[in-house]
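**Q** Structure supplied as work.txt; contents: compact mmCIF, N, CA and C atoms.
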# COMPACT_ATOMS: atom_id res chain seq x y z
N MET A 1 25.66 209.84 312.18
CA MET A 1 26.76 210.40 312.94
C MET A 1 27.18 211.69 312.24
N THR A 2 27.37 212.74 312.99
CA THR A 2 27.70 214.05 312.44
C THR A 2 29.21 214.18 312.18
N PRO A 3 29.61 215.14 311.34
CA PRO A 3 31.05 215.38 311.15
C PRO A 3 31.76 215.69 312.48
N GLU A 4 31.07 216.35 313.39
CA GLU A 4 31.66 216.67 314.69
C GLU A 4 31.92 215.39 315.49
N GLN A 5 30.96 214.47 315.50
CA GLN A 5 31.13 213.21 316.22
C GLN A 5 32.23 212.36 315.58
N LEU A 6 32.26 212.32 314.26
CA LEU A 6 33.29 211.57 313.56
C LEU A 6 34.68 212.13 313.87
N ALA A 7 34.82 213.45 313.84
CA ALA A 7 36.11 214.10 314.13
C ALA A 7 36.53 213.84 315.58
N ASP A 8 35.57 213.81 316.49
CA ASP A 8 35.87 213.56 317.89
C ASP A 8 36.43 212.15 318.09
N ILE A 9 35.78 211.15 317.51
CA ILE A 9 36.28 209.78 317.60
C ILE A 9 37.64 209.67 316.91
N SER A 10 37.76 210.29 315.75
CA SER A 10 39.01 210.25 314.99
C SER A 10 40.16 210.84 315.80
N ALA A 11 39.93 211.96 316.47
CA ALA A 11 40.98 212.61 317.27
C ALA A 11 41.45 211.72 318.41
N ARG A 12 40.54 210.98 319.01
CA ARG A 12 40.92 210.09 320.11
C ARG A 12 41.60 208.82 319.60
N ALA A 13 41.19 208.34 318.43
CA ALA A 13 41.71 207.08 317.91
C ALA A 13 43.06 207.22 317.21
N TYR A 14 43.27 208.31 316.49
CA TYR A 14 44.50 208.49 315.71
C TYR A 14 45.52 209.28 316.52
N GLN A 15 46.17 208.63 317.46
CA GLN A 15 47.12 209.29 318.35
C GLN A 15 48.47 209.58 317.67
N HIS A 16 48.87 208.77 316.71
CA HIS A 16 50.21 208.89 316.14
C HIS A 16 50.24 209.53 314.76
N MET A 17 49.08 209.93 314.25
CA MET A 17 49.05 210.60 312.96
C MET A 17 47.92 211.64 312.98
N ARG A 18 47.93 212.49 312.00
CA ARG A 18 46.94 213.57 311.95
C ARG A 18 45.54 213.00 311.76
N PRO A 19 44.65 213.27 312.70
CA PRO A 19 43.27 212.79 312.54
C PRO A 19 42.52 213.65 311.53
N TRP A 20 41.44 213.12 311.03
CA TRP A 20 40.56 213.88 310.14
C TRP A 20 39.88 214.99 310.94
N SER A 21 39.66 216.11 310.30
CA SER A 21 38.97 217.24 310.92
C SER A 21 37.47 217.19 310.58
N GLN A 22 36.71 218.05 311.24
CA GLN A 22 35.29 218.17 310.91
C GLN A 22 35.12 218.53 309.44
N ALA A 23 35.96 219.44 308.95
CA ALA A 23 35.88 219.85 307.53
C ALA A 23 36.18 218.67 306.61
N ASP A 24 37.17 217.84 306.98
CA ASP A 24 37.48 216.65 306.16
C ASP A 24 36.26 215.74 306.06
N PHE A 25 35.61 215.50 307.21
CA PHE A 25 34.44 214.62 307.20
C PHE A 25 33.28 215.26 306.44
N ARG A 26 33.07 216.55 306.66
CA ARG A 26 31.98 217.24 305.96
C ARG A 26 32.16 217.13 304.45
N SER A 27 33.38 217.32 303.98
CA SER A 27 33.68 217.23 302.54
C SER A 27 33.43 215.82 302.02
N ALA A 28 33.90 214.82 302.74
CA ALA A 28 33.71 213.43 302.31
C ALA A 28 32.24 213.06 302.27
N LEU A 29 31.49 213.46 303.28
CA LEU A 29 30.08 213.10 303.35
C LEU A 29 29.23 213.81 302.30
N ALA A 30 29.74 214.90 301.75
CA ALA A 30 29.00 215.65 300.73
C ALA A 30 29.03 214.96 299.37
N ARG A 31 29.95 214.03 299.17
CA ARG A 31 30.05 213.33 297.88
C ARG A 31 29.01 212.22 297.82
N PRO A 32 28.32 212.10 296.71
CA PRO A 32 27.26 211.08 296.61
C PRO A 32 27.78 209.64 296.63
N ILE A 33 29.06 209.43 296.40
CA ILE A 33 29.60 208.07 296.40
C ILE A 33 29.99 207.60 297.80
N HIS A 34 29.89 208.48 298.80
CA HIS A 34 30.34 208.10 300.14
C HIS A 34 29.48 206.99 300.72
N LEU A 35 30.09 206.26 301.65
CA LEU A 35 29.38 205.23 302.40
C LEU A 35 29.87 205.32 303.83
N LEU A 36 28.98 205.56 304.76
CA LEU A 36 29.31 205.65 306.18
C LEU A 36 28.50 204.61 306.93
N THR A 37 29.19 203.78 307.70
CA THR A 37 28.52 202.87 308.61
C THR A 37 29.10 203.14 309.99
N HIS A 38 28.28 202.91 311.02
CA HIS A 38 28.78 203.24 312.36
C HIS A 38 28.00 202.52 313.44
N THR A 39 28.61 202.51 314.60
CA THR A 39 27.96 202.13 315.84
C THR A 39 28.00 203.38 316.71
N GLU A 40 27.68 203.26 317.95
CA GLU A 40 27.72 204.43 318.82
C GLU A 40 29.14 204.97 319.01
N HIS A 41 30.16 204.07 318.96
CA HIS A 41 31.53 204.47 319.29
C HIS A 41 32.55 204.15 318.21
N ALA A 42 32.11 203.80 317.01
CA ALA A 42 33.06 203.46 315.94
C ALA A 42 32.40 203.76 314.59
N PHE A 43 33.25 203.95 313.58
CA PHE A 43 32.71 204.20 312.25
C PHE A 43 33.67 203.70 311.19
N VAL A 44 33.10 203.49 310.00
CA VAL A 44 33.86 203.20 308.79
C VAL A 44 33.33 204.15 307.73
N LEU A 45 34.22 204.89 307.10
CA LEU A 45 33.87 205.82 306.04
C LEU A 45 34.62 205.41 304.79
N GLY A 46 33.91 205.37 303.69
CA GLY A 46 34.55 205.03 302.43
C GLY A 46 33.71 205.48 301.26
N GLN A 47 33.99 204.88 300.14
CA GLN A 47 33.25 205.21 298.92
C GLN A 47 33.14 203.98 298.06
N VAL A 48 32.12 203.97 297.24
CA VAL A 48 31.92 202.88 296.30
C VAL A 48 31.83 203.49 294.90
N ILE A 49 32.70 203.01 294.03
CA ILE A 49 32.73 203.47 292.64
C ILE A 49 32.74 202.22 291.77
N ALA A 50 31.72 202.10 290.95
CA ALA A 50 31.56 200.92 290.08
C ALA A 50 31.60 199.66 290.93
N ASP A 51 32.56 198.76 290.67
CA ASP A 51 32.58 197.50 291.42
C ASP A 51 33.68 197.47 292.48
N GLU A 52 34.18 198.64 292.88
CA GLU A 52 35.20 198.71 293.91
C GLU A 52 34.79 199.67 295.02
N ALA A 53 35.14 199.29 296.23
CA ALA A 53 34.94 200.16 297.38
C ALA A 53 36.30 200.46 297.99
N GLU A 54 36.40 201.61 298.62
CA GLU A 54 37.62 202.00 299.31
C GLU A 54 37.24 202.51 300.70
N ILE A 55 37.90 202.00 301.70
CA ILE A 55 37.73 202.50 303.06
C ILE A 55 38.76 203.60 303.25
N THR A 56 38.28 204.80 303.56
CA THR A 56 39.19 205.92 303.74
C THR A 56 39.45 206.23 305.21
N ALA A 57 38.56 205.79 306.09
CA ALA A 57 38.78 205.99 307.53
C ALA A 57 37.98 204.96 308.31
N LEU A 58 38.62 204.41 309.32
CA LEU A 58 37.96 203.53 310.27
C LEU A 58 38.52 203.90 311.62
N ALA A 59 37.65 204.15 312.58
CA ALA A 59 38.13 204.51 313.93
C ALA A 59 37.14 204.03 314.97
N ALA A 60 37.69 203.66 316.11
CA ALA A 60 36.88 203.30 317.27
C ALA A 60 37.41 204.09 318.46
N ASP A 61 36.52 204.57 319.29
CA ASP A 61 36.92 205.26 320.50
C ASP A 61 37.82 204.33 321.31
N PRO A 62 39.02 204.76 321.69
CA PRO A 62 39.92 203.89 322.45
C PRO A 62 39.30 203.32 323.73
N ALA A 63 38.35 204.01 324.30
CA ALA A 63 37.71 203.53 325.54
C ALA A 63 36.89 202.26 325.32
N VAL A 64 36.52 201.97 324.07
CA VAL A 64 35.72 200.77 323.79
C VAL A 64 36.38 199.84 322.78
N GLN A 65 37.66 200.05 322.51
CA GLN A 65 38.33 199.17 321.56
C GLN A 65 38.37 197.75 322.10
N ARG A 66 38.35 196.81 321.17
CA ARG A 66 38.34 195.37 321.45
C ARG A 66 37.03 194.90 322.09
N ARG A 67 35.95 195.65 321.81
CA ARG A 67 34.63 195.25 322.30
C ARG A 67 33.64 195.06 321.14
N GLY A 68 34.14 194.96 319.92
CA GLY A 68 33.30 194.64 318.77
C GLY A 68 32.71 195.83 318.03
N GLN A 69 32.94 197.04 318.50
CA GLN A 69 32.36 198.21 317.84
C GLN A 69 32.88 198.37 316.40
N ALA A 70 34.20 198.33 316.23
CA ALA A 70 34.79 198.47 314.88
C ALA A 70 34.43 197.27 314.01
N SER A 71 34.43 196.09 314.59
CA SER A 71 34.06 194.88 313.82
C SER A 71 32.65 195.01 313.28
N HIS A 72 31.75 195.48 314.10
CA HIS A 72 30.35 195.63 313.67
C HIS A 72 30.23 196.69 312.57
N ALA A 73 30.89 197.84 312.75
CA ALA A 73 30.84 198.89 311.74
C ALA A 73 31.45 198.41 310.43
N LEU A 74 32.55 197.63 310.50
CA LEU A 74 33.18 197.11 309.29
C LEU A 74 32.27 196.09 308.61
N ALA A 75 31.64 195.22 309.38
CA ALA A 75 30.71 194.24 308.78
C ALA A 75 29.57 194.95 308.07
N GLN A 76 29.06 196.02 308.66
CA GLN A 76 28.01 196.82 308.01
C GLN A 76 28.52 197.41 306.70
N PHE A 77 29.76 197.94 306.73
CA PHE A 77 30.34 198.55 305.53
C PHE A 77 30.47 197.51 304.43
N ILE A 78 31.00 196.33 304.77
CA ILE A 78 31.19 195.27 303.78
C ILE A 78 29.85 194.89 303.15
N ALA A 79 28.83 194.71 303.97
CA ALA A 79 27.51 194.34 303.45
C ALA A 79 26.92 195.44 302.57
N ALA A 80 27.04 196.69 303.01
CA ALA A 80 26.49 197.80 302.22
C ALA A 80 27.25 197.98 300.91
N ALA A 81 28.57 197.85 300.94
CA ALA A 81 29.36 197.96 299.71
C ALA A 81 28.99 196.85 298.74
N HIS A 82 28.81 195.65 299.25
CA HIS A 82 28.41 194.52 298.42
C HIS A 82 27.05 194.79 297.79
N THR A 83 26.12 195.30 298.58
CA THR A 83 24.78 195.64 298.07
C THR A 83 24.87 196.67 296.95
N ARG A 84 25.82 197.59 297.05
CA ARG A 84 26.01 198.62 296.01
C ARG A 84 26.79 198.10 294.81
N GLY A 85 27.17 196.85 294.82
CA GLY A 85 27.83 196.25 293.65
C GLY A 85 29.33 196.09 293.76
N ALA A 86 29.91 196.38 294.92
CA ALA A 86 31.36 196.23 295.06
C ALA A 86 31.75 194.76 295.03
N ARG A 87 32.83 194.49 294.32
CA ARG A 87 33.39 193.13 294.27
C ARG A 87 34.69 193.04 295.07
N ARG A 88 35.29 194.20 295.32
CA ARG A 88 36.52 194.28 296.10
C ARG A 88 36.47 195.52 296.98
N ILE A 89 37.11 195.43 298.14
CA ILE A 89 37.23 196.57 299.04
C ILE A 89 38.72 196.77 299.32
N PHE A 90 39.18 198.00 299.11
CA PHE A 90 40.58 198.35 299.34
C PHE A 90 40.69 199.29 300.54
N LEU A 91 41.86 199.29 301.15
CA LEU A 91 42.17 200.26 302.20
C LEU A 91 43.68 200.32 302.35
N GLU A 92 44.13 201.35 303.06
CA GLU A 92 45.55 201.48 303.39
C GLU A 92 45.68 201.45 304.90
N VAL A 93 46.73 200.81 305.38
CA VAL A 93 47.01 200.75 306.81
C VAL A 93 48.50 200.97 307.01
N ALA A 94 48.85 201.67 308.08
CA ALA A 94 50.25 201.94 308.38
C ALA A 94 50.98 200.63 308.66
N SER A 95 52.15 200.47 308.07
CA SER A 95 52.89 199.21 308.24
C SER A 95 53.27 198.96 309.70
N ARG A 96 53.44 200.01 310.48
CA ARG A 96 53.80 199.86 311.90
C ARG A 96 52.60 199.55 312.79
N ASN A 97 51.40 199.61 312.23
CA ASN A 97 50.19 199.41 313.04
C ASN A 97 49.81 197.92 313.06
N ALA A 98 50.55 197.16 313.85
CA ALA A 98 50.32 195.72 313.91
C ALA A 98 48.91 195.35 314.37
N PRO A 99 48.33 196.03 315.37
CA PRO A 99 46.96 195.66 315.76
C PRO A 99 45.96 195.84 314.61
N ALA A 100 46.07 196.93 313.85
CA ALA A 100 45.16 197.15 312.74
C ALA A 100 45.39 196.12 311.64
N ARG A 101 46.65 195.82 311.36
CA ARG A 101 46.95 194.80 310.33
C ARG A 101 46.33 193.46 310.72
N GLY A 102 46.43 193.10 312.00
CA GLY A 102 45.84 191.85 312.48
C GLY A 102 44.32 191.87 312.39
N PHE A 103 43.72 193.03 312.74
CA PHE A 103 42.27 193.21 312.67
C PHE A 103 41.78 192.93 311.25
N TYR A 104 42.44 193.54 310.26
CA TYR A 104 42.01 193.37 308.87
C TYR A 104 42.31 191.96 308.35
N ALA A 105 43.45 191.41 308.71
CA ALA A 105 43.80 190.05 308.25
C ALA A 105 42.78 189.04 308.77
N ALA A 106 42.33 189.22 310.01
CA ALA A 106 41.35 188.30 310.58
C ALA A 106 40.02 188.36 309.84
N ARG A 107 39.78 189.43 309.11
CA ARG A 107 38.54 189.60 308.36
C ARG A 107 38.71 189.33 306.87
N GLY A 108 39.86 188.77 306.50
CA GLY A 108 40.07 188.35 305.12
C GLY A 108 40.80 189.32 304.21
N PHE A 109 41.21 190.47 304.71
CA PHE A 109 41.96 191.42 303.88
C PHE A 109 43.38 190.90 303.69
N ARG A 110 43.88 191.04 302.46
CA ARG A 110 45.24 190.60 302.12
C ARG A 110 46.01 191.76 301.49
N GLN A 111 47.32 191.79 301.75
CA GLN A 111 48.16 192.85 301.20
C GLN A 111 48.33 192.67 299.70
N VAL A 112 48.11 193.77 298.96
CA VAL A 112 48.27 193.74 297.50
C VAL A 112 49.23 194.82 297.01
N GLY A 113 49.74 195.64 297.93
CA GLY A 113 50.67 196.69 297.53
C GLY A 113 51.25 197.41 298.72
N ARG A 114 52.17 198.36 298.43
CA ARG A 114 52.83 199.16 299.46
C ARG A 114 53.08 200.55 298.88
N ARG A 115 52.83 201.56 299.68
CA ARG A 115 53.14 202.95 299.31
C ARG A 115 54.19 203.45 300.29
N ARG A 116 55.39 203.65 299.79
CA ARG A 116 56.52 204.05 300.63
C ARG A 116 56.32 205.47 301.20
N ALA A 117 56.63 205.62 302.49
CA ALA A 117 56.61 206.92 303.18
C ALA A 117 55.29 207.66 302.98
N TYR A 118 54.20 206.94 303.00
CA TYR A 118 52.88 207.50 302.72
C TYR A 118 52.33 208.32 303.87
N TYR A 119 52.56 207.85 305.10
CA TYR A 119 52.01 208.53 306.28
C TYR A 119 53.07 209.40 306.94
N SER A 120 52.65 210.60 307.34
CA SER A 120 53.49 211.48 308.15
C SER A 120 53.05 211.29 309.60
N LEU A 121 54.01 210.93 310.45
CA LEU A 121 53.70 210.67 311.85
C LEU A 121 53.90 211.92 312.70
N ALA A 122 53.33 211.90 313.88
CA ALA A 122 53.38 213.06 314.77
C ALA A 122 54.81 213.45 315.14
N ASP A 123 55.73 212.46 315.18
CA ASP A 123 57.11 212.75 315.55
C ASP A 123 57.97 213.20 314.37
N GLY A 124 57.36 213.39 313.20
CA GLY A 124 58.09 213.82 312.01
C GLY A 124 58.56 212.69 311.12
N ALA A 125 58.50 211.47 311.60
CA ALA A 125 58.90 210.31 310.80
C ALA A 125 57.79 209.99 309.79
N THR A 126 58.08 209.04 308.92
CA THR A 126 57.08 208.57 307.97
C THR A 126 56.91 207.06 308.14
N ASP A 127 55.84 206.56 307.60
CA ASP A 127 55.57 205.13 307.62
C ASP A 127 54.97 204.75 306.27
N ASP A 128 55.26 203.54 305.86
CA ASP A 128 54.69 203.02 304.63
C ASP A 128 53.22 202.68 304.84
N ALA A 129 52.45 202.77 303.78
CA ALA A 129 51.07 202.30 303.78
C ALA A 129 51.04 200.96 303.08
N LEU A 130 50.41 200.00 303.73
CA LEU A 130 50.18 198.72 303.09
C LEU A 130 48.80 198.78 302.46
N VAL A 131 48.69 198.45 301.20
CA VAL A 131 47.41 198.43 300.50
C VAL A 131 46.83 197.04 300.69
N LEU A 132 45.64 196.98 301.28
CA LEU A 132 44.97 195.72 301.55
C LEU A 132 43.71 195.62 300.70
N CYS A 133 43.31 194.40 300.41
CA CYS A 133 42.12 194.16 299.61
C CYS A 133 41.33 192.99 300.17
N LEU A 134 40.02 193.14 300.17
CA LEU A 134 39.11 192.06 300.48
C LEU A 134 38.35 191.76 299.20
N ASP A 135 38.50 190.53 298.72
CA ASP A 135 37.82 190.11 297.50
C ASP A 135 36.46 189.55 297.87
N LEU A 136 35.41 190.30 297.57
CA LEU A 136 34.06 189.88 297.94
C LEU A 136 33.54 188.75 297.07
N THR A 137 34.18 188.51 295.93
CA THR A 137 33.75 187.39 295.09
C THR A 137 34.20 186.06 295.70
N GLN A 138 35.16 186.11 296.62
CA GLN A 138 35.66 184.90 297.25
C GLN A 138 35.19 184.77 298.70
N ALA A 139 34.62 185.85 299.25
CA ALA A 139 34.09 185.79 300.62
C ALA A 139 32.78 185.03 300.60
N ASN A 140 32.51 184.28 301.65
CA ASN A 140 31.23 183.58 301.65
C ASN A 140 30.12 184.52 302.09
N GLU A 141 28.91 184.16 301.77
CA GLU A 141 27.76 185.03 302.04
C GLU A 141 27.59 185.37 303.52
N LYS A 142 27.96 184.45 304.41
CA LYS A 142 27.83 184.71 305.84
C LYS A 142 28.74 185.86 306.25
N GLU A 143 29.96 185.94 305.69
CA GLU A 143 30.89 187.01 306.00
C GLU A 143 30.37 188.36 305.51
N ILE A 144 29.65 188.37 304.40
CA ILE A 144 29.19 189.61 303.78
C ILE A 144 27.94 190.13 304.45
N SER A 145 27.02 189.27 304.82
CA SER A 145 25.75 189.75 305.36
C SER A 145 25.76 189.83 306.87
Would it be possible to restate this file's structure as structure tokens?

**A**
Amino acid sequence: MTPEQLADISARAYQHMRPWSQADFRSALARPIHLLTHTEHAFVLGQVIADEAEITALAADPAVQRRGQASHALAQFIAAAHTRGARRIFLEVASRNAPARGFYAARGFRQVGRRRAYYSLADGATDDALVLCLDLTQANEKEIS
């Protein structure tokens, strides 16, 4: 998936906050630690450093949300991060984003922290980021592969 395609999906998916630009994606993909998994209409972008992975962006085209695209891309990311030696995967999610929080909770992610006023919203307000973690040492092999 190209930076242009990633930015296009990001722009459609992130309606209430600033989406990533083509330049943001190009910069992230240039780093050797990056990990990108995707389907035709969704992607997960992150990085793996030592035994930890971090998801920096996950987006699905709103036209296909709730059809398994993001779930499949996330499952690919989890498996690839595990293969690279990750024992834990971290991410941040907006506290007001109940659907995303539910999506991650259903996949075993648990809240381990909070960053106050982390996100700037389109209306000028801010939102806290909840730091979530998936412990791959406790996930069963079926969930990972």

**Q** For stretch 69-136 of chain A against stretch 9-30 of chain A, with a cut-off of 8 Å and counting all atoms listed in the file, what is the closest atom pair and its distance in Å to one decimal for every residue that makes the cut, ordered by chain and number, as JSON lines?

**A**
{"residue": "A:Tyr119", "atom": "C", "partner": "A:Met17", "partner_atom": "CA", "distance": 7.3}
{"residue": "A:Ser120", "atom": "C", "partner": "A:Met17", "partner_atom": "CA", "distance": 5.3}
{"residue": "A:Leu121", "atom": "CA", "partner": "A:His16", "partner_atom": "C", "distance": 4.7}
{"residue": "A:Ala122", "atom": "N", "partner": "A:His16", "partner_atom": "C", "distance": 4.0}
{"residue": "A:Asp123", "atom": "N", "partner": "A:His16", "partner_atom": "C", "distance": 6.2}

**Q** Near stretch 35-42 of chain A, within 6.5 Å and counting all atoms listed in the file, which residues show up once chain neighbours fewer than 3 positions away are dropped, as a list in words?

**A**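 Skipping anything fewer than 3 positions along the chain leaves Pro32, Leu45, Gly46, Gln47, Val48, Ala59, Ala60, Asp61, Gln69, Ala70, His72, Ala73, Gln76 and Phe77 of chain A.
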
**Q** If you run DSSP over the backbone, which residues in chain A end up helix (DSSP H, G or I)? Put them as a short mmCIF file (atom, residue, chain, number, x, y, z; two decimals) with N, CA and C atoms, in the coordinates of the input.

**A**
data_model
loop_
_atom_site.label_atom_id
_atom_site.label_comp_id
_atom_site.auth_asym_id
_atom_site.auth_seq_id
_atom_site.Cartn_x
_atom_site.Cartn_y
_atom_site.Cartn_z
N PRO A 3 29.61 215.14 311.34
CA PRO A 3 31.05 215.38 311.15
C PRO A 3 31.76 215.69 312.48
N GLU A 4 31.07 216.35 313.39
CA GLU A 4 31.66 216.67 314.69
C GLU A 4 31.92 215.39 315.49
N GLN A 5 30.96 214.47 315.50
CA GLN A 5 31.13 213.21 316.22
C GLN A 5 32.23 212.36 315.58
N LEU A 6 32.26 212.32 314.26
CA LEU A 6 33.29 211.57 313.56
C LEU A 6 34.68 212.13 313.87
N ALA A 7 34.82 213.45 313.84
CA ALA A 7 36.11 214.10 314.13
C ALA A 7 36.53 213.84 315.58
N ASP A 8 35.57 213.81 316.49
CA ASP A 8 35.87 213.56 317.89
C ASP A 8 36.43 212.15 318.09
N ILE A 9 35.78 211.15 317.51
CA ILE A 9 36.28 209.78 317.60
C ILE A 9 37.64 209.67 316.91
N SER A 10 37.76 210.29 315.75
CA SER A 10 39.01 210.25 314.99
C SER A 10 40.16 210.84 315.80
N ALA A 11 39.93 211.96 316.47
CA ALA A 11 40.98 212.61 317.27
C ALA A 11 41.45 211.72 318.41
N ARG A 12 40.54 210.98 319.01
CA ARG A 12 40.92 210.09 320.11
C ARG A 12 41.60 208.82 319.60
N ALA A 13 41.19 208.34 318.43
CA ALA A 13 41.71 207.08 317.91
C ALA A 13 43.06 207.22 317.21
N GLN A 22 36.71 218.05 311.24
CA GLN A 22 35.29 218.17 310.91
C GLN A 22 35.12 218.53 309.44
N ALA A 23 35.96 219.44 308.95
CA ALA A 23 35.88 219.85 307.53
C ALA A 23 36.18 218.67 306.61
N ASP A 24 37.17 217.84 306.98
CA ASP A 24 37.48 216.65 306.16
C ASP A 24 36.26 215.74 306.06
N PHE A 25 35.61 215.50 307.21
CA PHE A 25 34.44 214.62 307.20
C PHE A 25 33.28 215.26 306.44
N ARG A 26 33.07 216.55 306.66
CA ARG A 26 31.98 217.24 305.96
C ARG A 26 32.16 217.13 304.45
N SER A 27 33.38 217.32 303.98
CA SER A 27 33.68 217.23 302.54
C SER A 27 33.43 215.82 302.02
N ALA A 28 33.90 214.82 302.74
CA ALA A 28 33.71 213.43 302.31
C ALA A 28 32.24 213.06 302.27
N LEU A 29 31.49 213.46 303.28
CA LEU A 29 30.08 213.10 303.35
C LEU A 29 29.23 213.81 302.30
N ALA A 30 29.74 214.90 301.75
CA ALA A 30 29.00 215.65 300.73
C ALA A 30 29.03 214.96 299.37
N PRO A 62 39.02 204.76 321.69
CA PRO A 62 39.92 203.89 322.45
C PRO A 62 39.30 203.32 323.73
N ALA A 63 38.35 204.01 324.30
CA ALA A 63 37.71 203.53 325.54
C ALA A 63 36.89 202.26 325.32
N VAL A 64 36.52 201.97 324.07
CA VAL A 64 35.72 200.77 323.79
C VAL A 64 36.38 199.84 322.78
N GLN A 69 32.94 197.04 318.50
CA GLN A 69 32.36 198.21 317.84
C GLN A 69 32.88 198.37 316.40
N ALA A 70 34.20 198.33 316.23
CA ALA A 70 34.79 198.47 314.88
C ALA A 70 34.43 197.27 314.01
N SER A 71 34.43 196.09 314.59
CA SER A 71 34.06 194.88 313.82
C SER A 71 32.65 195.01 313.28
N HIS A 72 31.75 195.48 314.10
CA HIS A 72 30.35 195.63 313.67
C HIS A 72 30.23 196.69 312.57
N ALA A 73 30.89 197.84 312.75
CA ALA A 73 30.84 198.89 311.74
C ALA A 73 31.45 198.41 310.43
N LEU A 74 32.55 197.63 310.50
CA LEU A 74 33.18 197.11 309.29
C LEU A 74 32.27 196.09 308.61
N ALA A 75 31.64 195.22 309.38
CA ALA A 75 30.71 194.24 308.78
C ALA A 75 29.57 194.95 308.07
N GLN A 76 29.06 196.02 308.66
CA GLN A 76 28.01 196.82 308.01
C GLN A 76 28.52 197.41 306.70
N PHE A 77 29.76 197.94 306.73
CA PHE A 77 30.34 198.55 305.53
C PHE A 77 30.47 197.51 304.43
N ILE A 78 31.00 196.33 304.77
CA ILE A 78 31.19 195.27 303.78
C ILE A 78 29.85 194.89 303.15
N ALA A 79 28.83 194.71 303.97
CA ALA A 79 27.51 194.34 303.45
C ALA A 79 26.92 195.44 302.57
N ALA A 80 27.04 196.69 303.01
CA ALA A 80 26.49 197.80 302.22
C ALA A 80 27.25 197.98 300.91
N ALA A 81 28.57 197.85 300.94
CA ALA A 81 29.36 197.96 299.71
C ALA A 81 28.99 196.85 298.74
N HIS A 82 28.81 195.65 299.25
CA HIS A 82 28.41 194.52 298.42
C HIS A 82 27.05 194.79 297.79
N THR A 83 26.12 195.30 298.58
CA THR A 83 24.78 195.64 298.07
C THR A 83 24.87 196.67 296.95
N ALA A 98 50.55 197.16 313.85
CA ALA A 98 50.32 195.72 313.91
C ALA A 98 48.91 195.35 314.37
N PRO A 99 48.33 196.03 315.37
CA PRO A 99 46.96 195.66 315.76
C PRO A 99 45.96 195.84 314.61
N ALA A 100 46.07 196.93 313.85
CA ALA A 100 45.16 197.15 312.74
C ALA A 100 45.39 196.12 311.64
N ARG A 101 46.65 195.82 311.36
CA ARG A 101 46.95 194.80 310.33
C ARG A 101 46.33 193.46 310.72
N GLY A 102 46.43 193.10 312.00
CA GLY A 102 45.84 191.85 312.48
C GLY A 102 44.32 191.87 312.39
N PHE A 103 43.72 193.03 312.74
CA PHE A 103 42.27 193.21 312.67
C PHE A 103 41.78 192.93 311.25
N TYR A 104 42.44 193.54 310.26
CA TYR A 104 42.01 193.37 308.87
C TYR A 104 42.31 191.96 308.35
N ALA A 105 43.45 191.41 308.71
CA ALA A 105 43.80 190.05 308.25
C ALA A 105 42.78 189.04 308.77
N ALA A 106 42.33 189.22 310.01
CA ALA A 106 41.35 188.30 310.58
C ALA A 106 40.02 188.36 309.84
N GLU A 141 28.91 184.16 301.77
CA GLU A 141 27.76 185.03 302.04
C GLU A 141 27.59 185.37 303.52
N LYS A 142 27.96 184.45 304.41
CA LYS A 142 27.83 184.71 305.84
C LYS A 142 28.74 185.86 306.25
N GLU A 143 29.96 185.94 305.69
CA GLU A 143 30.89 187.01 306.00
C GLU A 143 30.37 188.36 305.51
N ILE A 144 29.65 188.37 304.40
CA ILE A 144 29.19 189.61 303.78
C ILE A 144 27.94 190.13 304.45
#

**Q** Taking only N, CA and C atoms into account, name the residue in A:Ala86, A:Ile49, A:Ala79, A:Leu58 that is nearest to A:Asp135.

**A** A:Ala86

**Q** Find, counting all atoms listed in the file, the residue in A:Leu74, A:Ala105, A:Leu132, A:Val64 that gets nearest to A:Phe43.

**A** A:Leu74

**Q** Let's see if you can do this: from backbone DSSP, list all strand (DSSP E) residues in chain A, as a PyMOL selection string.

**A** chain A and resi 34-38+42-49+52-60+88-94+110-120+126-135

**Q** Could you state the separation of atom C of A:Arg115 and atom C of A:Leu130 in Å, given to one decimal place?

**A**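 These atoms are spaced 7.5 Å apart.
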
**Q** What does the structure give for the distance between atom CA of A:Ala117 and atom C of A:Glu54, in Å to one decimal?

**A**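 Taking atom CA of A:Ala117 and atom C of A:Glu54, their separation equals 20.0 Å.
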
**Q** So, with all atoms listed in the file as the atoms that count, which of A:Val93, A:Met1, A:Pro62, A:Asp51 lies closest to A:Ala81?

**A**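 Closest candidate: A:Asp51.
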
**Q** How many Å lie between atom N of A:Ile78 and atom N of A:Leu136, rounded to one decimal?

**A**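 Answer for the atom N of A:Ile78 to atom N of A:Leu136 separation: 10.4 Å.
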
**Q** Which is closest to A:Ala7 among A:Ala63, A:Gly124, A:Ala57, A:Tyr104, if we use only C-alpha atoms?

**A**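 Ranking A:Ala63, A:Gly124, A:Ala57, A:Tyr104 by distance to A:Ala7, first place goes to A:Ala57.
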
**Q** Pick out the closest residue to A:Ile89 from this set: A:Ala125, A:Ala106, A:Cys133, A:Ala75. Count only N, CA and C atoms.

**A**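 Selected residue with least distance to A:Ile89: A:Cys133.
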
**Q** Using only C-alpha atoms, which residue out of A:Ile55, A:Leu6, A:Ile33, A:Val131 lies closest to A:Ser95?

**A**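 Nearest candidate to A:Ser95 out of A:Ile55, A:Leu6, A:Ile33, A:Val131: A:Val131.
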